[in-house]
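Everything on this sheet refers to the single structure shown next.
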There are 2 protein chains.
Amino acid sequence: MGKRSGRLSQASEVSTAERLIEVAGEIFAQKGNAATVREICAAAGCSVAAINYHFGDKQRLYVRCVEAACERKQRLFPVPNVDSLPGGTDLQTRKHREELLREFLRALARRTGSEATAPWQNTLMLREIIAPSEQVAERLGEYFKADFQRLDRLLGEVLGEVLNSPALRRSLATQIIARSMFLRTGKSLRAILGLDTPENEIPEHVADEICDSILNQISALRTNMKISS
Amino acid sequence: MGKRSGRLSQASEVSTAERLIEVAGEIFAQKGNAATVREICAAAGCSVAAINYHFGDKQRLYVRCVEAACERKQRLFPVPNVDSLPGGTDLQTRKHREELLREFLRALARRTGSEATAPWQNTLMLREIIAPSEQVAERLGEYFKADFQRLDRLLGEVLGEVLNSPALRRSLATQIIARSMFLRTGKSLRAILGLDTPENEIPEHVADEICDSILNQISALRTNMKISS
DNA sequence: ACTTGTTTGAAACAACTGTTTTATACCCGT
DNA sequence: ACGGGTATAAAACAGTTGTTTCAAACAAGT
């Protein structure tokens, strides 16, 4: 008994189910729901029965692809922990928080911008974002919510008690997410418009640009506040 | 002879071809290429033969939908003319250029953000942006190039001779496009994350926020330049 | 009224769709 | 060696796909 797999216990091959997720994710990313089970299975090198055997039906394979995309992104590009930040307003703690924000934005940018490690995941998740399907909406919501709440908290810490406000945090967060997402959403757009410089596609570079911009805005707000007081 | 239409010359109905584009665009936006000719024709209230008669095949109907989306966006939300701007560096001309930039960004934001007048066009074009199909890539390229070149030129004018540089223009333009696109790309994302304030969805409000941000950055650069010189 | 070219709907078409069935190979504990 | 659970492939399944055919309806010119 037991659920040990059948014929691949001694070799280092990947299981048919994993191969199917990998291959199906790529094809779903390209063609959406117009992808057929036959071309998926042909690409995975298995019979058409495999999908229904391992996943029940085509739709559940699709859901698993999106879930796998979320899981892999969180695993490959973890976001720095912001749960227990030391209090204090001295310069050193402030600098530390700003560097933490920078690391956070880099992780965010790597998730949406890195092409080498996760080719189809971004496209698939983007499809769900612009035309959400009911089956994965909740799952995708948890994925985004978790990291967003961390970002929101971190922004509050960077802003400090004086500046911190929900409205300002939301404005900055919107900016950050918009420009991070553009790493992927604007891919073909940049190609068309000739916006592609070598560093324009590098997640870390874009993240730093965003971070500098955010910190500059905060700095300007702080200056204005001091002047008016 | 002649190509006068058959049965709708005296009534103010729309032709079957136009009805098909309108209905097909909406369904294509929802389901992509998985949309079927039968559900399109059922929604348009005509027989399945209509698509092949008026457009040749399903694929060419899809291309026409994207083209129609581009055309209507340009018509509904025209971008201000920036071809013949008066020279000069006095305060009044500078203010005028900044207001022109604001109008430009508002038009951009209305294109991607207005839901009432163009419900499916944005989704359809976004689909093409994240997963371009060969048949419409060129058409879409022309659409974006035309307005982008105007924006690039306008940014150069706003920057002025001292600050103006291709790299800086590109950086600002990337920011503008990213945040404008987020009006649509981040729609469901904002809903999930609770970023939706009443004004957060209003194109004009977002455009003004972007414009202020851009002008502030330029202003900061100008100050730094004066200090260092 | 008759012809001409245009537009439409119902039916038919072959090809393809997702899924199920059936039979065979495989590994593992006994 | 053998039986039981697991995995796979080939074939068959009913339903749907995009497209075509064909006859009829229609408006306009003569």
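Labels for the structure tokens follow display order: chains A, B, ..., residues from 1 in each chain, ligands from 1.
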Q. Could you list, as a ChimeraX atom specification, every residue of chain C that has an atom within 8 Å of an atom of chain A, counting only C-alpha atoms (C1' of nucleotides)?
A. /C:17-19,26-27,29
Mind dumping the selected residues with N, CA and C atoms (P, O5', C5', C4', C3', O3' and C1' of nucleotides) as a PDB file, in the first residue's frame?
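out_25.pdb was written with the following content:
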```
ATOM      1  P    DT C  17      -7.941  20.329 -30.777  1.00  0.00           P
ATOM      2  O5'  DT C  17      -9.006  20.222 -29.609  1.00  0.00           O
ATOM      3  C5'  DT C  17      -9.969  21.264 -29.449  1.00  0.00           C
ATOM      4  C4'  DT C  17     -11.062  20.827 -28.496  1.00  0.00           C
ATOM      5  C3'  DT C  17     -10.604  20.041 -27.290  1.00  0.00           C
ATOM      6  O3'  DT C  17     -10.199  20.937 -26.287  1.00  0.00           O
ATOM      7  C1'  DT C  17     -12.576  19.068 -28.241  1.00  0.00           C
ATOM      8  P    DG C  18      -9.322  20.445 -25.043  1.00  0.00           P
ATOM      9  O5'  DG C  18     -10.350  19.659 -24.113  1.00  0.00           O
ATOM     10  C5'  DG C  18     -11.425  20.354 -23.508  1.00  0.00           C
ATOM     11  C4'  DG C  18     -12.301  19.390 -22.740  1.00  0.00           C
ATOM     12  C3'  DG C  18     -11.629  18.674 -21.568  1.00  0.00           C
ATOM     13  O3'  DG C  18     -12.553  18.548 -20.492  1.00  0.00           O
ATOM     14  C1'  DG C  18     -12.334  17.077 -23.158  1.00  0.00           C
ATOM     15  P    DT C  19     -12.065  17.830 -19.119  1.00  0.00           P
ATOM     16  O5'  DT C  19     -12.582  16.335 -19.318  1.00  0.00           O
ATOM     17  C5'  DT C  19     -13.945  16.114 -19.634  1.00  0.00           C
ATOM     18  C4'  DT C  19     -14.204  14.645 -19.915  1.00  0.00           C
ATOM     19  C3'  DT C  19     -13.672  13.679 -18.856  1.00  0.00           C
ATOM     20  O3'  DT C  19     -14.776  13.017 -18.241  1.00  0.00           O
ATOM     21  C1'  DT C  19     -13.223  12.902 -21.057  1.00  0.00           C
ATOM     22  P    DC C  26       7.473  -2.786 -18.139  1.00  0.00           P
ATOM     23  O5'  DC C  26       7.395  -2.285 -16.628  1.00  0.00           O
ATOM     24  C5'  DC C  26       7.197  -0.893 -16.369  1.00  0.00           C
ATOM     25  C4'  DC C  26       6.725  -0.673 -14.944  1.00  0.00           C
ATOM     26  C3'  DC C  26       7.550  -1.368 -13.872  1.00  0.00           C
ATOM     27  O3'  DC C  26       8.560  -0.483 -13.414  1.00  0.00           O
ATOM     28  C1'  DC C  26       5.176  -1.334 -13.397  1.00  0.00           C
ATOM     29  P    DC C  27       9.792  -1.028 -12.491  1.00  0.00           P
ATOM     30  O5'  DC C  27       9.221  -0.849 -11.011  1.00  0.00           O
ATOM     31  C5'  DC C  27       8.821   0.458 -10.576  1.00  0.00           C
ATOM     32  C4'  DC C  27       8.093   0.339  -9.245  1.00  0.00           C
ATOM     33  C3'  DC C  27       8.905  -0.333  -8.144  1.00  0.00           C
ATOM     34  O3'  DC C  27       8.889   0.488  -6.987  1.00  0.00           O
ATOM     35  C1'  DC C  27       6.768  -1.363  -8.347  1.00  0.00           C
ATOM     36  P    DG C  29       8.038  -1.971   0.090  1.00  0.00           P
ATOM     37  O5'  DG C  29       7.069  -2.901   0.962  1.00  0.00           O
ATOM     38  C5'  DG C  29       5.717  -2.508   1.166  1.00  0.00           C
ATOM     39  C4'  DG C  29       4.832  -3.735   1.303  1.00  0.00           C
ATOM     40  C3'  DG C  29       5.230  -4.701   2.414  1.00  0.00           C
ATOM     41  O3'  DG C  29       4.072  -5.185   3.079  1.00  0.00           O
ATOM     42  C1'  DG C  29       5.206  -5.839   0.343  1.00  0.00           C
TER      43       DG C  29
END
```
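In chain D, the set of residues within 9 Å of chain B (atoms considered: only C-alpha atoms (C1' of nucleotides)) is DT17, DG18, DT19, DT20, DC26, DA27, DA28 and DG29 of chain D.
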Output C-alpha atoms (C1' of nucleotides) of each residue in that selection to a file, as a tab-separated table (two decimals), in the first residue's frame.
```
chain	number	residue	atom	x	y	z
D	17	DT	C1'	-15.41	23.52	-33.02
D	18	DG	C1'	-14.76	26.76	-37.36
D	19	DT	C1'	-16.22	26.76	-41.87
D	20	DT	C1'	-19.02	25.86	-46.10
D	26	DC	C1'	-34.07	41.83	-49.46
D	27	DA	C1'	-33.17	46.68	-51.69
D	28	DA	C1'	-32.24	49.12	-55.78
D	29	DG	C1'	-31.68	49.98	-60.92
```
Q.
Can you tell me which residues surround Glu161 in chain A at a distance of at most 12 Å, considering only C-alpha atoms (C1' of nucleotides), apart from same-chain residues fewer than 3 positions away, and format the answer as a PyMOL selection string?
A. chain A and resi 87-89+155-158+164-166+222
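Rounded to one decimal, CA of Val136 in chain A and CA of Lys187 in chain A lie 24.5 Å from each other.
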From a DSSP pass on the backbone, collect the residues of range 60-131 of chain B flagged as alpha helix (DSSP H) and hand them back as a PDB file with N, CA and C atoms, in the first residue's frame.
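The result, written out as out23.pdb:
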```pdb
ATOM      1  N   ARG B  60      -9.724  36.963 -38.403  1.00  0.00           N
ATOM      2  CA  ARG B  60      -9.769  38.332 -38.932  1.00  0.00           C
ATOM      3  C   ARG B  60     -10.789  39.198 -38.213  1.00  0.00           C
ATOM      4  N   LEU B  61     -11.836  38.564 -37.696  1.00  0.00           N
ATOM      5  CA  LEU B  61     -12.769  39.316 -36.841  1.00  0.00           C
ATOM      6  C   LEU B  61     -12.044  39.793 -35.586  1.00  0.00           C
ATOM      7  N   TYR B  62     -11.227  38.903 -35.026  1.00  0.00           N
ATOM      8  CA  TYR B  62     -10.473  39.273 -33.830  1.00  0.00           C
ATOM      9  C   TYR B  62      -9.549  40.463 -34.105  1.00  0.00           C
ATOM     10  N   VAL B  63      -8.853  40.402 -35.226  1.00  0.00           N
ATOM     11  CA  VAL B  63      -7.948  41.502 -35.589  1.00  0.00           C
ATOM     12  C   VAL B  63      -8.731  42.803 -35.723  1.00  0.00           C
ATOM     13  N   ARG B  64      -9.891  42.724 -36.349  1.00  0.00           N
ATOM     14  CA  ARG B  64     -10.713  43.924 -36.497  1.00  0.00           C
ATOM     15  C   ARG B  64     -11.164  44.475 -35.148  1.00  0.00           C
ATOM     16  N   CYS B  65     -11.412  43.593 -34.203  1.00  0.00           N
ATOM     17  CA  CYS B  65     -11.802  44.042 -32.866  1.00  0.00           C
ATOM     18  C   CYS B  65     -10.680  44.861 -32.229  1.00  0.00           C
ATOM     19  N   VAL B  66      -9.450  44.365 -32.338  1.00  0.00           N
ATOM     20  CA  VAL B  66      -8.322  45.100 -31.765  1.00  0.00           C
ATOM     21  C   VAL B  66      -8.158  46.438 -32.477  1.00  0.00           C
ATOM     22  N   GLU B  67      -8.244  46.418 -33.800  1.00  0.00           N
ATOM     23  CA  GLU B  67      -8.132  47.662 -34.561  1.00  0.00           C
ATOM     24  C   GLU B  67      -9.211  48.653 -34.156  1.00  0.00           C
ATOM     25  N   ALA B  68     -10.435  48.140 -34.027  1.00  0.00           N
ATOM     26  CA  ALA B  68     -11.547  49.005 -33.624  1.00  0.00           C
ATOM     27  C   ALA B  68     -11.305  49.591 -32.246  1.00  0.00           C
ATOM     28  N   ALA B  69     -10.714  48.788 -31.362  1.00  0.00           N
ATOM     29  CA  ALA B  69     -10.412  49.278 -30.015  1.00  0.00           C
ATOM     30  C   ALA B  69      -9.424  50.438 -30.078  1.00  0.00           C
ATOM     31  N   CYS B  70      -8.366  50.288 -30.884  1.00  0.00           N
ATOM     32  CA  CYS B  70      -7.372  51.356 -31.034  1.00  0.00           C
ATOM     33  C   CYS B  70      -8.025  52.613 -31.594  1.00  0.00           C
ATOM     34  N   GLU B  71      -8.780  52.430 -32.671  1.00  0.00           N
ATOM     35  CA  GLU B  71      -9.390  53.580 -33.331  1.00  0.00           C
ATOM     36  C   GLU B  71     -10.317  54.357 -32.383  1.00  0.00           C
ATOM     37  N   ARG B  72     -11.134  53.611 -31.641  1.00  0.00           N
ATOM     38  CA  ARG B  72     -12.093  54.293 -30.789  1.00  0.00           C
ATOM     39  C   ARG B  72     -11.409  55.024 -29.641  1.00  0.00           C
ATOM     40  N   LYS B  73     -10.341  54.429 -29.136  1.00  0.00           N
ATOM     41  CA  LYS B  73      -9.623  55.091 -28.044  1.00  0.00           C
ATOM     42  C   LYS B  73      -9.013  56.411 -28.514  1.00  0.00           C
ATOM     43  N   GLN B  74      -8.414  56.370 -29.696  1.00  0.00           N
ATOM     44  CA  GLN B  74      -7.817  57.598 -30.218  1.00  0.00           C
ATOM     45  C   GLN B  74      -8.875  58.652 -30.491  1.00  0.00           C
ATOM     46  N   ARG B  75     -10.046  58.188 -30.904  1.00  0.00           N
ATOM     47  CA  ARG B  75     -11.109  59.132 -31.231  1.00  0.00           C
ATOM     48  C   ARG B  75     -11.755  59.703 -29.972  1.00  0.00           C
ATOM     49  N   LEU B  76     -12.001  58.848 -29.003  1.00  0.00           N
ATOM     50  CA  LEU B  76     -12.694  59.294 -27.791  1.00  0.00           C
ATOM     51  C   LEU B  76     -11.804  60.148 -26.888  1.00  0.00           C
ATOM     52  N   LEU B  91       8.667  82.291 -17.625  1.00  0.00           N
ATOM     53  CA  LEU B  91       7.811  81.552 -16.700  1.00  0.00           C
ATOM     54  C   LEU B  91       6.480  81.165 -17.317  1.00  0.00           C
ATOM     55  N   GLN B  92       5.912  82.084 -18.108  1.00  0.00           N
ATOM     56  CA  GLN B  92       4.585  81.828 -18.666  1.00  0.00           C
ATOM     57  C   GLN B  92       4.598  80.659 -19.645  1.00  0.00           C
ATOM     58  N   THR B  93       5.586  80.639 -20.517  1.00  0.00           N
ATOM     59  CA  THR B  93       5.681  79.525 -21.465  1.00  0.00           C
ATOM     60  C   THR B  93       5.914  78.218 -20.729  1.00  0.00           C
ATOM     61  N   ARG B  94       6.720  78.258 -19.691  1.00  0.00           N
ATOM     62  CA  ARG B  94       6.982  77.047 -18.930  1.00  0.00           C
ATOM     63  C   ARG B  94       5.696  76.526 -18.289  1.00  0.00           C
ATOM     64  N   LYS B  95       4.942  77.439 -17.695  1.00  0.00           N
ATOM     65  CA  LYS B  95       3.678  77.035 -17.079  1.00  0.00           C
ATOM     66  C   LYS B  95       2.736  76.438 -18.115  1.00  0.00           C
ATOM     67  N   HIS B  96       2.731  77.060 -19.291  1.00  0.00           N
ATOM     68  CA  HIS B  96       1.862  76.562 -20.356  1.00  0.00           C
ATOM     69  C   HIS B  96       2.223  75.139 -20.761  1.00  0.00           C
ATOM     70  N   ARG B  97       3.526  74.881 -20.839  1.00  0.00           N
ATOM     71  CA  ARG B  97       3.965  73.535 -21.189  1.00  0.00           C
ATOM     72  C   ARG B  97       3.600  72.537 -20.106  1.00  0.00           C
ATOM     73  N   GLU B  98       3.721  72.951 -18.877  1.00  0.00           N
ATOM     74  CA  GLU B  98       3.376  72.042 -17.781  1.00  0.00           C
ATOM     75  C   GLU B  98       1.890  71.712 -17.792  1.00  0.00           C
ATOM     76  N   GLU B  99       1.079  72.712 -18.129  1.00  0.00           N
ATOM     77  CA  GLU B  99      -0.357  72.444 -18.213  1.00  0.00           C
ATOM     78  C   GLU B  99      -0.679  71.537 -19.396  1.00  0.00           C
ATOM     79  N   LEU B 100       0.100  71.675 -20.464  1.00  0.00           N
ATOM     80  CA  LEU B 100      -0.063  70.794 -21.619  1.00  0.00           C
ATOM     81  C   LEU B 100       0.283  69.357 -21.239  1.00  0.00           C
ATOM     82  N   LEU B 101       1.354  69.208 -20.460  1.00  0.00           N
ATOM     83  CA  LEU B 101       1.726  67.873 -19.978  1.00  0.00           C
ATOM     84  C   LEU B 101       0.602  67.278 -19.137  1.00  0.00           C
ATOM     85  N   ARG B 102       0.005  68.132 -18.287  1.00  0.00           N
ATOM     86  CA  ARG B 102      -1.086  67.658 -17.457  1.00  0.00           C
ATOM     87  C   ARG B 102      -2.247  67.177 -18.309  1.00  0.00           C
ATOM     88  N   GLU B 103      -2.582  67.942 -19.335  1.00  0.00           N
ATOM     89  CA  GLU B 103      -3.666  67.533 -20.223  1.00  0.00           C
ATOM     90  C   GLU B 103      -3.332  66.213 -20.922  1.00  0.00           C
ATOM     91  N   PHE B 104      -2.081  66.109 -21.310  1.00  0.00           N
ATOM     92  CA  PHE B 104      -1.623  64.890 -21.984  1.00  0.00           C
ATOM     93  C   PHE B 104      -1.802  63.677 -21.073  1.00  0.00           C
ATOM     94  N   LEU B 105      -1.348  63.802 -19.851  1.00  0.00           N
ATOM     95  CA  LEU B 105      -1.441  62.686 -18.914  1.00  0.00           C
ATOM     96  C   LEU B 105      -2.895  62.348 -18.598  1.00  0.00           C
ATOM     97  N   ARG B 106      -3.734  63.382 -18.595  1.00  0.00           N
ATOM     98  CA  ARG B 106      -5.150  63.109 -18.370  1.00  0.00           C
ATOM     99  C   ARG B 106      -5.739  62.285 -19.503  1.00  0.00           C
ATOM    100  N   ALA B 107      -5.376  62.630 -20.734  1.00  0.00           N
ATOM    101  CA  ALA B 107      -5.861  61.865 -21.880  1.00  0.00           C
ATOM    102  C   ALA B 107      -5.380  60.420 -21.797  1.00  0.00           C
ATOM    103  N   LEU B 108      -4.117  60.259 -21.440  1.00  0.00           N
ATOM    104  CA  LEU B 108      -3.545  58.919 -21.284  1.00  0.00           C
ATOM    105  C   LEU B 108      -4.302  58.120 -20.229  1.00  0.00           C
ATOM    106  N   ALA B 109      -4.557  58.766 -19.101  1.00  0.00           N
ATOM    107  CA  ALA B 109      -5.229  58.083 -17.997  1.00  0.00           C
ATOM    108  C   ALA B 109      -6.666  57.748 -18.370  1.00  0.00           C
ATOM    109  N   ARG B 110      -7.310  58.663 -19.115  1.00  0.00           N
ATOM    110  CA  ARG B 110      -8.689  58.386 -19.525  1.00  0.00           C
ATOM    111  C   ARG B 110      -8.733  57.168 -20.434  1.00  0.00           C
ATOM    112  N   ARG B 111      -7.729  57.033 -21.285  1.00  0.00           N
ATOM    113  CA  ARG B 111      -7.714  55.887 -22.199  1.00  0.00           C
ATOM    114  C   ARG B 111      -7.675  54.574 -21.450  1.00  0.00           C
ATOM    115  N   THR B 112      -6.814  54.485 -20.473  1.00  0.00           N
ATOM    116  CA  THR B 112      -6.665  53.201 -19.784  1.00  0.00           C
ATOM    117  C   THR B 112      -7.623  53.052 -18.611  1.00  0.00           C
ATOM    118  N   GLY B 113      -8.166  54.181 -18.156  1.00  0.00           N
ATOM    119  CA  GLY B 113      -8.935  54.120 -16.918  1.00  0.00           C
ATOM    120  C   GLY B 113     -10.436  54.249 -17.050  1.00  0.00           C
ATOM    121  N   GLN B 121     -12.449  47.384 -24.520  1.00  0.00           N
ATOM    122  CA  GLN B 121     -11.260  47.711 -25.320  1.00  0.00           C
ATOM    123  C   GLN B 121      -9.963  47.546 -24.538  1.00  0.00           C
ATOM    124  N   ASN B 122      -9.953  48.024 -23.314  1.00  0.00           N
ATOM    125  CA  ASN B 122      -8.740  47.951 -22.510  1.00  0.00           C
ATOM    126  C   ASN B 122      -8.324  46.519 -22.239  1.00  0.00           C
ATOM    127  N   THR B 123      -9.289  45.701 -21.871  1.00  0.00           N
ATOM    128  CA  THR B 123      -8.962  44.308 -21.581  1.00  0.00           C
ATOM    129  C   THR B 123      -8.391  43.628 -22.811  1.00  0.00           C
ATOM    130  N   LEU B 124      -9.015  43.891 -23.952  1.00  0.00           N
ATOM    131  CA  LEU B 124      -8.558  43.266 -25.191  1.00  0.00           C
ATOM    132  C   LEU B 124      -7.133  43.697 -25.534  1.00  0.00           C
ATOM    133  N   MET B 125      -6.863  44.984 -25.458  1.00  0.00           N
ATOM    134  CA  MET B 125      -5.528  45.474 -25.788  1.00  0.00           C
ATOM    135  C   MET B 125      -4.498  44.975 -24.784  1.00  0.00           C
ATOM    136  N   LEU B 126      -4.933  44.860 -23.528  1.00  0.00           N
ATOM    137  CA  LEU B 126      -4.019  44.358 -22.510  1.00  0.00           C
ATOM    138  C   LEU B 126      -3.644  42.913 -22.782  1.00  0.00           C
ATOM    139  N   ARG B 127      -4.623  42.149 -23.238  1.00  0.00           N
ATOM    140  CA  ARG B 127      -4.339  40.765 -23.615  1.00  0.00           C
ATOM    141  C   ARG B 127      -3.253  40.711 -24.672  1.00  0.00           C
ATOM    142  N   GLU B 128      -3.344  41.583 -25.633  1.00  0.00           N
ATOM    143  CA  GLU B 128      -2.353  41.603 -26.702  1.00  0.00           C
ATOM    144  C   GLU B 128      -0.988  42.049 -26.200  1.00  0.00           C
ATOM    145  N   ILE B 129      -0.991  42.894 -25.170  1.00  0.00           N
ATOM    146  CA  ILE B 129       0.277  43.391 -24.651  1.00  0.00           C
ATOM    147  C   ILE B 129       1.026  42.316 -23.884  1.00  0.00           C
ATOM    148  N   ILE B 130       0.300  41.538 -23.095  1.00  0.00           N
ATOM    149  CA  ILE B 130       1.004  40.524 -22.314  1.00  0.00           C
ATOM    150  C   ILE B 130       1.264  39.260 -23.115  1.00  0.00           C
TER     151      ILE B 130
END
```
Q) In terms of the shortest atom-to-atom distance over only C-alpha atoms (C1' of nucleotides), which of D:DA25, D:DA1, D:DA14, D:DA9 is closest to DT22 in chain C? A) D:DA9
Q | Residues of chain B within 8 Å of chain A, counting only C-alpha atoms, as number ranges by chain | A | B: 30-34, 123, 126-127, 129-132, 141, 144-145, 148, 170, 174-175, 178-179, 181-182, 184-189, 192-193, 195
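Taking CA of Ala24 in chain A and CA of Ala50 in chain A as endpoints, the distance between them is 12.2 Å.
Going from CA of Thr117 in chain A over to CA of Ile21 in chain A, you cover 15.5 Å.
In this comparison, which uses only C-alpha atoms (C1' of nucleotides), the residue of C:DT8, C:DT3, C:DT30, C:DT20 approaching DG3 in chain D most closely is C:DT30.
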Q: Would you list the contacts of DA11 in chain C as a PyMOL selection string, taking every protein, DNA or RNA residue within 10 Å and counting only C-alpha atoms (C1' of nucleotides), but skipping same-chain residues closer than 2 positions in sequence?
A: (chain C and resi 9+13) or (chain D and resi 21-22)
Could you write those residues out with N, CA and C atoms (P, O5', C5', C4', C3', O3' and C1' of nucleotides), as a compact mmCIF listing (two decimals), in the first residue's frame?
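Okay, this is what ended up in selection.txt:
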```
# COMPACT_ATOMS: atom_id res chain seq x y z
P DG C 9 -29.82 36.32 -39.62
O5' DG C 9 -30.36 34.86 -39.99
C5' DG C 9 -31.69 34.72 -40.43
C4' DG C 9 -31.96 33.27 -40.79
C3' DG C 9 -31.57 32.27 -39.70
O3' DG C 9 -32.62 31.32 -39.56
C1' DG C 9 -30.47 31.74 -41.74
P DC C 13 -23.62 16.20 -44.77
O5' DC C 13 -22.18 16.80 -44.45
C5' DC C 13 -21.59 17.74 -45.35
C4' DC C 13 -20.24 18.19 -44.82
C3' DC C 13 -19.50 17.11 -44.05
O3' DC C 13 -18.58 16.49 -44.92
C1' DC C 13 -19.40 19.25 -42.95
P DT D 21 -18.00 25.73 -50.28
O5' DT D 21 -19.52 25.22 -50.27
C5' DT D 21 -19.83 23.99 -49.63
C4' DT D 21 -21.34 23.77 -49.58
C3' DT D 21 -22.11 24.31 -50.79
O3' DT D 21 -22.97 23.30 -51.29
C1' DT D 21 -23.08 25.11 -48.78
P DC D 22 -23.65 23.50 -52.75
O5' DC D 22 -25.11 24.02 -52.40
C5' DC D 22 -25.87 23.32 -51.42
C4' DC D 22 -27.11 24.11 -51.07
C3' DC D 22 -27.75 24.86 -52.25
O3' DC D 22 -29.12 24.56 -52.31
C1' DC D 22 -27.47 26.30 -50.41
```
